[in-house]
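Shown below: input21.txt, with compact mmCIF, C-alpha atoms and all ligand atoms.
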```txt
# COMPACT_ATOMS: atom_id res chain seq x y z
CA MET A 26 105.56 109.63 68.97
CA ILE A 27 105.10 106.63 71.27
CA SER A 28 104.39 104.24 68.40
CA LYS A 29 107.78 105.09 66.88
CA LEU A 30 109.39 103.68 70.03
CA VAL A 31 107.45 100.40 69.98
CA ARG A 32 109.08 97.32 68.46
CA GLU A 33 107.83 96.66 64.94
CA ASN A 34 106.98 92.98 65.62
CA ILE A 35 104.92 93.98 68.67
CA LYS A 36 102.97 96.48 66.57
CA LEU A 37 102.31 93.88 63.87
CA MET A 38 101.65 90.73 65.92
CA LYS A 39 98.16 89.33 66.55
CA PRO A 40 97.53 88.87 70.28
CA TYR A 41 96.08 85.69 71.79
CA PHE A 42 92.34 85.99 72.18
CA SER A 43 91.15 84.11 75.26
CA ALA A 44 87.74 82.50 75.74
CA ARG A 45 86.83 85.13 78.32
CA GLN A 46 87.65 87.89 75.86
CA GLU A 47 85.73 86.34 72.98
CA PHE A 48 82.62 86.33 75.17
CA ALA A 49 82.87 88.84 78.02
CA GLY A 50 79.17 89.07 79.01
CA GLU A 51 77.16 87.16 81.61
CA ALA A 52 75.72 83.76 80.71
CA SER A 53 74.23 80.78 82.56
CA VAL A 54 76.23 78.01 80.89
CA TYR A 55 79.94 78.39 80.18
CA LEU A 56 81.22 75.66 77.89
CA ASP A 57 83.88 77.73 76.17
CA ALA A 58 87.06 77.36 78.24
CA ASN A 59 87.39 73.64 79.02
CA GLU A 60 87.09 74.27 82.76
CA ASN A 61 85.93 71.73 85.35
CA PRO A 62 82.17 72.40 85.68
CA PHE A 63 81.82 70.84 89.17
CA GLY A 64 84.00 73.14 91.22
CA SER A 65 87.29 73.09 93.11
CA PRO A 66 88.43 70.91 96.05
CA LEU A 67 88.57 74.04 98.22
CA PRO A 68 86.13 76.07 100.31
CA GLU A 69 86.30 78.81 97.65
CA GLN A 70 85.77 78.12 93.98
CA TYR A 71 88.63 78.58 91.53
CA ASN A 72 87.44 76.38 88.68
CA ARG A 73 86.78 79.34 86.36
CA TYR A 74 89.50 81.37 84.66
CA PRO A 75 90.01 84.86 86.10
CA ASP A 76 88.96 88.11 84.45
CA PRO A 77 91.84 88.75 81.99
CA LEU A 78 91.51 92.53 82.31
CA GLN A 79 90.66 92.67 86.05
CA VAL A 80 87.81 95.13 85.50
CA LYS A 81 86.49 95.30 89.09
CA LEU A 82 89.91 95.60 90.65
CA LYS A 83 90.90 98.35 88.22
CA GLU A 84 87.71 100.28 89.03
CA LYS A 85 88.64 100.16 92.70
CA ILE A 86 92.23 101.24 92.06
CA SER A 87 90.94 103.93 89.71
CA SER A 88 88.86 105.49 92.51
CA ILE A 89 91.67 105.30 95.08
CA LYS A 90 94.37 106.67 92.76
CA ARG A 91 92.13 109.08 90.85
CA VAL A 92 93.26 107.70 87.50
CA LEU A 93 90.98 106.34 84.78
CA ALA A 94 90.82 102.53 84.65
CA GLU A 95 91.96 102.72 81.01
CA ASN A 96 95.28 104.16 82.23
CA ILE A 97 95.98 101.16 84.50
CA PHE A 98 97.83 97.89 83.86
CA LEU A 99 97.98 95.26 86.61
CA GLY A 100 100.88 92.82 86.75
CA ASN A 101 102.09 89.84 88.75
CA GLY A 102 104.16 92.24 90.88
CA SER A 103 105.85 95.36 89.49
CA ASP A 104 108.42 93.00 88.06
CA GLU A 105 105.97 91.90 85.36
CA GLY A 106 105.45 95.53 84.38
CA ILE A 107 109.21 96.08 84.15
CA ASP A 108 109.69 92.99 81.98
CA LEU A 109 106.79 93.88 79.68
CA LEU A 110 108.07 97.44 79.21
CA ILE A 111 111.38 96.08 78.03
CA ARG A 112 109.67 93.65 75.68
CA ILE A 113 107.30 96.28 74.24
CA PHE A 114 110.01 98.83 73.46
CA CYS A 115 113.44 97.15 73.21
CA ASN A 116 114.61 95.05 70.29
CA PRO A 117 116.85 92.26 71.63
CA GLY A 118 120.44 92.58 70.53
CA SER A 119 120.30 96.22 69.48
CA ASP A 120 118.30 98.45 71.84
CA SER A 121 119.19 99.63 75.34
CA ILE A 122 117.84 101.10 78.57
CA VAL A 123 119.35 103.62 81.00
CA ILE A 124 119.49 102.88 84.72
CA CYS A 125 120.96 105.02 87.50
CA PRO A 126 122.91 102.88 90.00
CA PRO A 127 122.90 102.21 92.84
CA THR A 128 119.29 101.20 92.19
CA TYR A 129 116.82 98.32 92.08
CA GLY A 130 118.44 95.25 90.52
CA ILE A 131 115.48 93.97 88.52
CA TYR A 132 115.76 96.59 85.74
CA GLU A 133 119.14 95.24 84.69
CA VAL A 134 118.11 91.59 85.13
CA CYS A 135 115.04 92.02 82.91
CA ALA A 136 117.13 93.80 80.29
CA SER A 137 119.76 91.04 80.36
CA ILE A 138 117.16 88.28 80.01
CA ASN A 139 115.88 90.05 76.91
CA ASP A 140 119.38 90.66 75.49
CA VAL A 141 118.87 94.40 75.85
CA GLY A 142 121.83 96.70 76.60
CA VAL A 143 122.14 98.51 79.93
CA LYS A 144 123.68 101.97 80.05
CA LYS A 145 124.59 102.87 83.60
CA VAL A 146 124.65 106.50 84.67
CA GLU A 147 125.61 106.58 88.34
CA LEU A 148 123.63 108.75 90.71
CA THR A 149 125.57 111.73 92.11
CA ALA A 150 127.23 111.75 95.55
CA HIS A 151 123.86 112.74 97.02
CA PHE A 152 122.09 109.98 95.07
CA GLN A 153 120.48 112.43 92.65
CA LEU A 154 120.16 112.13 88.85
CA ASP A 155 123.13 113.01 86.66
CA ILE A 156 120.91 114.77 84.12
CA GLU A 157 123.71 115.53 81.69
CA GLY A 158 125.11 112.01 81.98
CA ILE A 159 121.72 110.56 81.09
CA GLN A 160 121.40 112.78 78.01
CA ASN A 161 124.93 111.83 76.92
CA ALA A 162 124.41 108.11 77.46
CA ALA A 163 121.22 107.89 75.43
CA ASP A 164 121.39 107.28 71.69
CA ALA A 165 118.84 106.48 68.98
CA PHE A 166 118.55 102.90 70.30
CA THR A 167 117.90 103.85 73.93
CA LYS A 168 114.22 103.29 74.58
CA LEU A 169 113.68 103.40 78.34
CA LEU A 170 114.97 105.28 81.37
CA PHE A 171 114.27 103.80 84.81
CA ILE A 172 114.10 106.20 87.76
CA CYS A 173 113.39 104.81 91.21
CA SER A 174 112.00 107.40 93.65
CA PRO A 175 112.32 106.99 96.58
CA ASN A 176 115.35 105.04 95.41
CA ASN A 177 116.20 101.51 96.53
CA PRO A 178 118.77 101.05 98.15
CA SER A 179 119.69 104.65 99.04
CA GLY A 180 116.23 105.57 100.34
CA ASN A 181 116.09 109.20 99.20
CA SER A 182 113.60 110.75 96.79
CA ILE A 183 114.84 112.00 93.43
CA ASN A 184 114.31 115.76 92.92
CA HIS A 185 110.93 116.32 91.30
CA SER A 186 112.27 119.01 88.99
CA ASP A 187 115.06 116.73 87.72
CA ILE A 188 112.51 114.05 86.85
CA GLU A 189 110.40 116.66 85.06
CA TYR A 190 113.47 117.74 83.13
CA THR A 191 114.12 114.17 81.94
CA LEU A 192 110.43 113.73 81.07
CA ARG A 193 110.72 116.72 78.77
CA ASN A 194 114.15 115.91 77.33
CA PHE A 195 114.64 112.13 77.25
CA ALA A 196 113.68 110.84 73.80
CA GLY A 197 112.32 107.52 75.06
CA ILE A 198 109.95 106.32 77.78
CA VAL A 199 110.63 107.49 81.36
CA VAL A 200 109.60 104.91 83.96
CA ILE A 201 109.23 106.17 87.52
CA ASP A 202 109.18 103.40 90.10
CA GLU A 203 107.22 104.67 93.12
CA ALA A 204 107.23 101.44 95.17
CA TYR A 205 108.01 103.42 98.35
CA LEU A 206 105.99 106.57 97.63
CA GLN A 207 103.75 106.26 100.73
CA TYR A 208 106.74 106.69 103.03
CA SER A 209 107.80 109.97 101.41
CA SER A 210 106.26 113.43 101.35
CA GLN A 211 106.59 113.61 97.54
CA HIS A 212 103.64 113.77 95.15
CA SER A 213 103.10 110.85 92.82
CA PHE A 214 103.78 111.43 89.12
CA ILE A 215 100.44 109.72 88.43
CA SER A 216 98.79 113.13 88.21
CA GLU A 217 101.17 114.12 85.37
CA LEU A 218 100.10 111.39 82.93
CA ASP A 219 98.20 113.81 80.71
CA LYS A 220 101.18 116.12 80.52
CA TYR A 221 103.81 113.54 79.52
CA PRO A 222 102.89 110.89 76.91
CA ASN A 223 106.24 109.16 77.56
CA LEU A 224 105.59 108.66 81.30
CA VAL A 225 105.03 105.30 83.00
CA VAL A 226 104.53 105.20 86.78
CA LEU A 227 104.99 101.93 88.67
CA GLN A 228 103.44 101.26 92.07
CA THR A 229 102.84 98.08 94.04
CA LEU A 230 100.80 96.51 96.83
CA SER A 231 103.97 94.80 98.09
CA LYS A 232 105.27 97.45 100.48
CA ALA A 233 102.98 99.90 102.38
CA TRP A 234 99.88 97.81 101.59
CA GLY A 235 101.44 94.75 103.22
CA LEU A 236 100.57 92.37 100.37
CA ALA A 237 103.95 91.24 99.02
CA GLY A 238 102.74 87.63 99.00
CA LEU A 239 99.76 88.36 96.75
CA ARG A 240 101.88 89.76 93.90
CA LEU A 241 100.09 92.78 92.54
CA GLY A 242 101.95 95.54 90.75
CA MET A 243 100.44 98.51 88.95
CA ALA A 244 101.57 100.51 85.95
CA PHE A 245 99.94 103.83 85.10
CA ALA A 246 100.41 105.23 81.59
CA SER A 247 98.69 106.59 78.48
CA VAL A 248 95.91 104.51 76.90
CA GLU A 249 98.28 103.76 74.04
CA ILE A 250 101.03 102.33 76.26
CA ILE A 251 98.47 100.39 78.34
CA SER A 252 97.11 98.86 75.13
CA TYR A 253 100.57 97.41 74.37
CA PHE A 254 100.83 95.99 77.90
CA ASN A 255 97.48 94.28 77.38
CA LYS A 256 98.48 93.07 73.93
CA ILE A 257 101.56 91.14 75.06
CA LYS A 258 100.80 90.09 78.66
CA TYR A 259 99.86 86.48 79.36
CA PRO A 260 96.06 86.34 79.17
CA TYR A 261 95.35 85.43 82.77
CA ASN A 262 98.29 87.13 84.49
CA ILE A 263 96.44 88.02 87.71
CA ASN A 264 94.93 84.97 89.36
CA THR A 265 91.47 84.85 90.92
CA ALA A 266 92.71 84.70 94.52
CA THR A 267 94.81 87.82 94.04
CA GLN A 268 91.97 89.69 92.34
CA ARG A 269 89.50 88.82 95.11
CA LEU A 270 91.84 89.46 98.03
CA ALA A 271 93.27 92.68 96.63
CA LEU A 272 89.74 94.01 96.09
CA GLN A 273 88.92 93.17 99.71
CA ALA A 274 92.14 94.71 101.05
CA LEU A 275 91.62 97.95 99.12
CA GLU A 276 88.29 98.52 100.88
CA ASP A 277 90.01 100.01 103.92
CA GLU A 278 93.04 102.26 103.69
CA GLN A 279 93.03 103.11 107.41
CA PRO A 280 95.27 100.28 108.68
CA VAL A 281 97.72 100.98 105.87
CA ASN A 282 97.93 104.66 106.81
CA ASN A 283 98.46 103.71 110.46
CA TRP A 284 101.28 101.32 109.62
CA THR A 285 102.87 103.86 107.31
CA ASN A 286 102.83 106.52 110.03
CA GLN A 287 104.34 104.06 112.49
CA VAL A 288 107.10 103.17 110.05
CA ILE A 289 107.88 106.86 109.50
CA GLY A 290 108.05 107.41 113.27
CA GLN A 291 110.27 104.37 113.75
CA ARG A 292 112.51 105.47 110.89
CA LYS A 293 113.12 108.75 112.68
CA TRP A 294 113.90 106.92 115.95
CA LEU A 295 116.21 104.43 114.20
CA ARG A 296 118.10 107.24 112.51
CA ILE A 297 118.87 108.90 115.85
CA GLN A 298 119.95 105.59 117.38
CA LEU A 299 122.14 104.70 114.39
CA LEU A 300 123.85 108.10 114.37
CA ALA A 301 124.95 107.48 117.96
CA LEU A 302 126.82 104.26 117.10
CA PRO A 303 130.61 104.77 116.88
CA PHE A 304 131.18 102.41 113.91
CA VAL A 305 128.43 104.01 111.80
CA LYS A 306 130.08 106.44 109.41
CA GLU A 307 126.94 107.67 107.66
CA VAL A 308 123.17 107.31 107.94
CA TYR A 309 121.71 108.23 104.57
CA PRO A 310 118.46 110.22 104.64
CA SER A 311 115.49 107.98 103.89
CA ASP A 312 112.05 108.63 102.40
CA ALA A 313 111.38 104.88 102.34
CA ASN A 314 110.74 102.04 104.81
CA PHE A 315 114.43 101.19 105.07
CA ILE A 316 117.65 102.95 105.99
CA LEU A 317 121.05 102.63 104.35
CA ILE A 318 124.08 103.09 106.58
CA LYS A 319 127.80 103.18 105.88
CA VAL A 320 129.81 101.28 108.48
CA GLU A 321 133.49 100.53 109.04
CA ASP A 322 133.14 96.81 108.32
CA ALA A 323 129.89 95.85 106.56
CA ASP A 324 130.77 92.11 106.43
CA PHE A 325 131.34 92.03 110.18
CA VAL A 326 128.09 93.85 111.00
CA TYR A 327 126.14 91.68 108.58
CA GLU A 328 127.56 88.37 109.88
CA SER A 329 127.23 89.40 113.53
CA LEU A 330 123.57 90.28 113.07
CA ILE A 331 122.90 86.95 111.34
CA LYS A 332 124.34 85.17 114.38
CA LYS A 333 121.72 87.00 116.45
CA GLY A 334 118.97 85.96 114.05
CA ILE A 335 118.60 89.39 112.48
CA ILE A 336 118.80 89.55 108.70
CA VAL A 337 119.65 92.80 106.95
CA ARG A 338 120.99 93.36 103.45
CA GLN A 339 124.44 94.28 102.20
CA ARG A 340 124.35 96.84 99.41
CA GLU A 341 127.28 98.79 97.92
CA GLY A 342 129.48 97.99 100.92
CA CYS A 343 126.76 99.41 103.14
CA ILE A 344 124.00 97.88 105.25
CA ARG A 345 120.36 98.33 104.28
CA MET A 346 117.88 97.68 107.06
CA THR A 347 114.12 97.56 106.71
CA VAL A 348 112.20 99.47 109.39
CA GLY A 349 110.52 96.77 111.47
CA THR A 350 108.07 96.83 114.35
CA PRO A 351 109.13 98.85 117.43
CA ALA A 352 110.14 95.59 119.17
CA GLU A 353 112.21 94.45 116.17
CA ASN A 354 113.91 97.83 115.90
CA ASP A 355 114.70 97.82 119.62
CA LEU A 356 116.33 94.43 119.26
CA LEU A 357 118.31 95.55 116.22
CA ILE A 358 119.67 98.60 118.03
CA LYS A 359 120.44 96.56 121.14
CA GLU A 360 122.52 94.09 119.10
CA LEU A 361 124.27 96.89 117.22
CA LYS A 362 125.17 98.57 120.52
CA ASN A 363 126.67 95.28 121.68
CA LEU A 364 128.86 95.23 118.57
CA ALA A 365 130.24 98.63 119.52
CA GLN A 366 131.68 97.25 122.74
C1 LIG B 1 110.07 96.14 96.35
C2 LIG B 1 110.18 96.92 95.09
C3 LIG B 1 109.22 96.79 94.08
C4 LIG B 1 108.06 95.86 94.23
O1 LIG B 1 108.10 94.79 93.39
P1 LIG B 1 106.87 93.78 93.35
O2 LIG B 1 107.23 92.91 92.20
O3 LIG B 1 105.65 94.62 93.07
O4 LIG B 1 106.79 93.08 94.65
C5 LIG B 1 109.33 97.56 92.94
N1 LIG B 1 110.33 98.43 92.80
C6 LIG B 1 111.25 98.60 93.76
C7 LIG B 1 112.32 99.60 93.58
C8 LIG B 1 111.21 97.84 94.92
O5 LIG B 1 112.17 98.00 95.85
```
Rendering of file as structure tokens:
Amino acid sequence: MISKLVRENIKLMKPYFSARQEFAGEASVYLDANENPFGSPLPEQYNRYPDPLQVKLKEKISSIKRVLAENIFLGNGSDEGIDLLIRIFCNPGSDSIVICPPTYGIYEVCASINDVGVKKVELTAHFQLDIEGIQNAADAFTKLLFICSPNNPSGNSINHSDIEYTLRNFAGIVVIDEAYLQYSSQHSFISELDKYPNLVVLQTLSKAWGLAGLRLGMAFASVEIISYFNKIKYPYNINTATQRLALQALEDEQPVNNWTNQVIGQRKWLRIQLLALPFVKEVYPSDANFILIKVEDADFVYESLIKKGIIVRQREGCIRMTVGTPAENDLLIKELKNLAQ
């Protein structure tokens, strides 16, 4: 069923076979990859190419996420996973994806770069899926559906049962982007991989894990889908520094859990403060580490905050603010209160 969705040229092509794949064992002399044998002009050595399949890092992620390593793909941020999905499944010029705006902008950008059509099925007034709209929009050339939950920029989680419905009824691949999962009380769809062969779950170390600068995104899917990721990715897509540092960071989840709990507490506090501001028309419920608010004059609020050195984001005529440290949030609320006067 999945192989019917994969582009014919991707099925037929021969992948690049790197030196480290041709010989993957341990040896004492490596003269196969034209590396500098002396070392690197750094305290740590980077003269050797990285592990193309990131075996150690996947083992670690496998134990944390309780998913087999063979069901994991690691990318240079989630963005690589999104781009590869489009290139595995969508023929340029004829195929399409479905997205549900307002949502993360990269899905459309990656589709456009690849000359893949974008069918937009707006979320409902409560930022939930328009199930019927999605079914109506999809045709024989629609290969992927992107669902972001909790959704960026609205912040809410998408109803679990609606996602399950689309997993059962959408004829293509359903991609669930769980970048903000840690901040919500929802279960990950990772545990449903066996049930739905058309499911791909995206997660990242960029948000709760505090490693946006390292660039490590994860895709969880069937062995078959993962094999296509591995077939078309650039051979050494995750560099040595990222592999080493991510492995080290994943040793201890405690600080991450502490930060996450703090963010959730601060989100609650911010919500109460924001609701009390006269020019705030709506504070949308958030399961993420940001809050979207509707205000009378988004341009004015945005520009005024910039003048005070506080940068937020304008989205859909609303303001999206990341939950900061308690001190940062205090300052934000103080400046917003000043605007009300
Ligand atoms: C921030 C974010 C990501 C993370 O992207 P990376 O490339 O892993 O940094 C993914 N999806 C959504 C919806 C996001 O908001």
Can you pull out the residues contacting segment 197-199 of chain A? Cut-off 8 Å, using all atoms listed in the file, and skip same-chain residues under 6 positions away; I want them as a short mmCIF file (atom, residue, chain, number, x, y, z; two decimals) with C-alpha atoms, in the frame of the given file.
```cif
data_model
loop_
_atom_site.label_atom_id
_atom_site.label_comp_id
_atom_site.auth_asym_id
_atom_site.auth_seq_id
_atom_site.Cartn_x
_atom_site.Cartn_y
_atom_site.Cartn_z
CA LEU A 30 109.39 103.68 70.03
CA THR A 167 117.90 103.85 73.93
CA LYS A 168 114.22 103.29 74.58
CA LEU A 169 113.68 103.40 78.34
CA LEU A 170 114.97 105.28 81.37
CA PHE A 171 114.27 103.80 84.81
CA ILE A 172 114.10 106.20 87.76
CA THR A 191 114.12 114.17 81.94
CA ASN A 223 106.24 109.16 77.56
CA LEU A 224 105.59 108.66 81.30
CA VAL A 225 105.03 105.30 83.00
#
```
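Around Ala233 of chain A, within 8 Å and counting only C-alpha atoms, the residues found are Tyr205, Gln207, Tyr208, Val281, Trp284 and Thr285 of chain A, once anything fewer than 4 positions away on its own chain is removed.
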Item to check | For Thr229 of chain A: contacts at 10 Å, all atoms listed in the file, fewer than 6 positions along chain excluded, given as a count of residues only | outcome: 19
Next on the checklist: Could you list, as a PyMOL selection string, every residue within 12 Å of Gln366 of chain A, counting only C-alpha atoms and ignoring same-chain residues fewer than 4 positions away?
Outcome noted: chain A and resi 302-304+359-362
Those residues you just picked out, can you put them in a file as a short mmCIF file (atom, residue, chain, number, x, y, z; two decimals), keeping the file's coordinate frame with C-alpha atoms?
```cif
data_model
loop_
_atom_site.label_atom_id
_atom_site.label_comp_id
_atom_site.auth_asym_id
_atom_site.auth_seq_id
_atom_site.Cartn_x
_atom_site.Cartn_y
_atom_site.Cartn_z
CA LEU A 302 126.82 104.26 117.10
CA PRO A 303 130.61 104.77 116.88
CA PHE A 304 131.18 102.41 113.91
CA LYS A 359 120.44 96.56 121.14
CA GLU A 360 122.52 94.09 119.10
CA LEU A 361 124.27 96.89 117.22
CA LYS A 362 125.17 98.57 120.52
#
```
Next on the checklist: Report, in Å with one decimal, the straight-line distance from atom CA of Glu33 of chain A to atom CA of Leu109 of chain A.
Outcome noted: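 If I compute the distance from atom CA of Glu33 of chain A to atom CA of Leu109 of chain A, I get 15.0 Å.
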Checklist entry - Which residues come within 12 Å of Ile35 of chain A, counting all atoms listed in the file, excluding same-chain residues fewer than 2 positions away, as a PyMOL selection string? => result chain A and resi 28-33+37-40+109-116+250+252-258
Next on the checklist: When you count only C-alpha atoms and all ligand atoms, which of these residues is closest to ligand LIG 1 (chain B): A:Ile27, A:Ala163, A:Ala44, A:Leu239?
Outcome noted: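 Checking each candidate against ligand LIG 1 (chain B), we get A:Leu239 as the closest.
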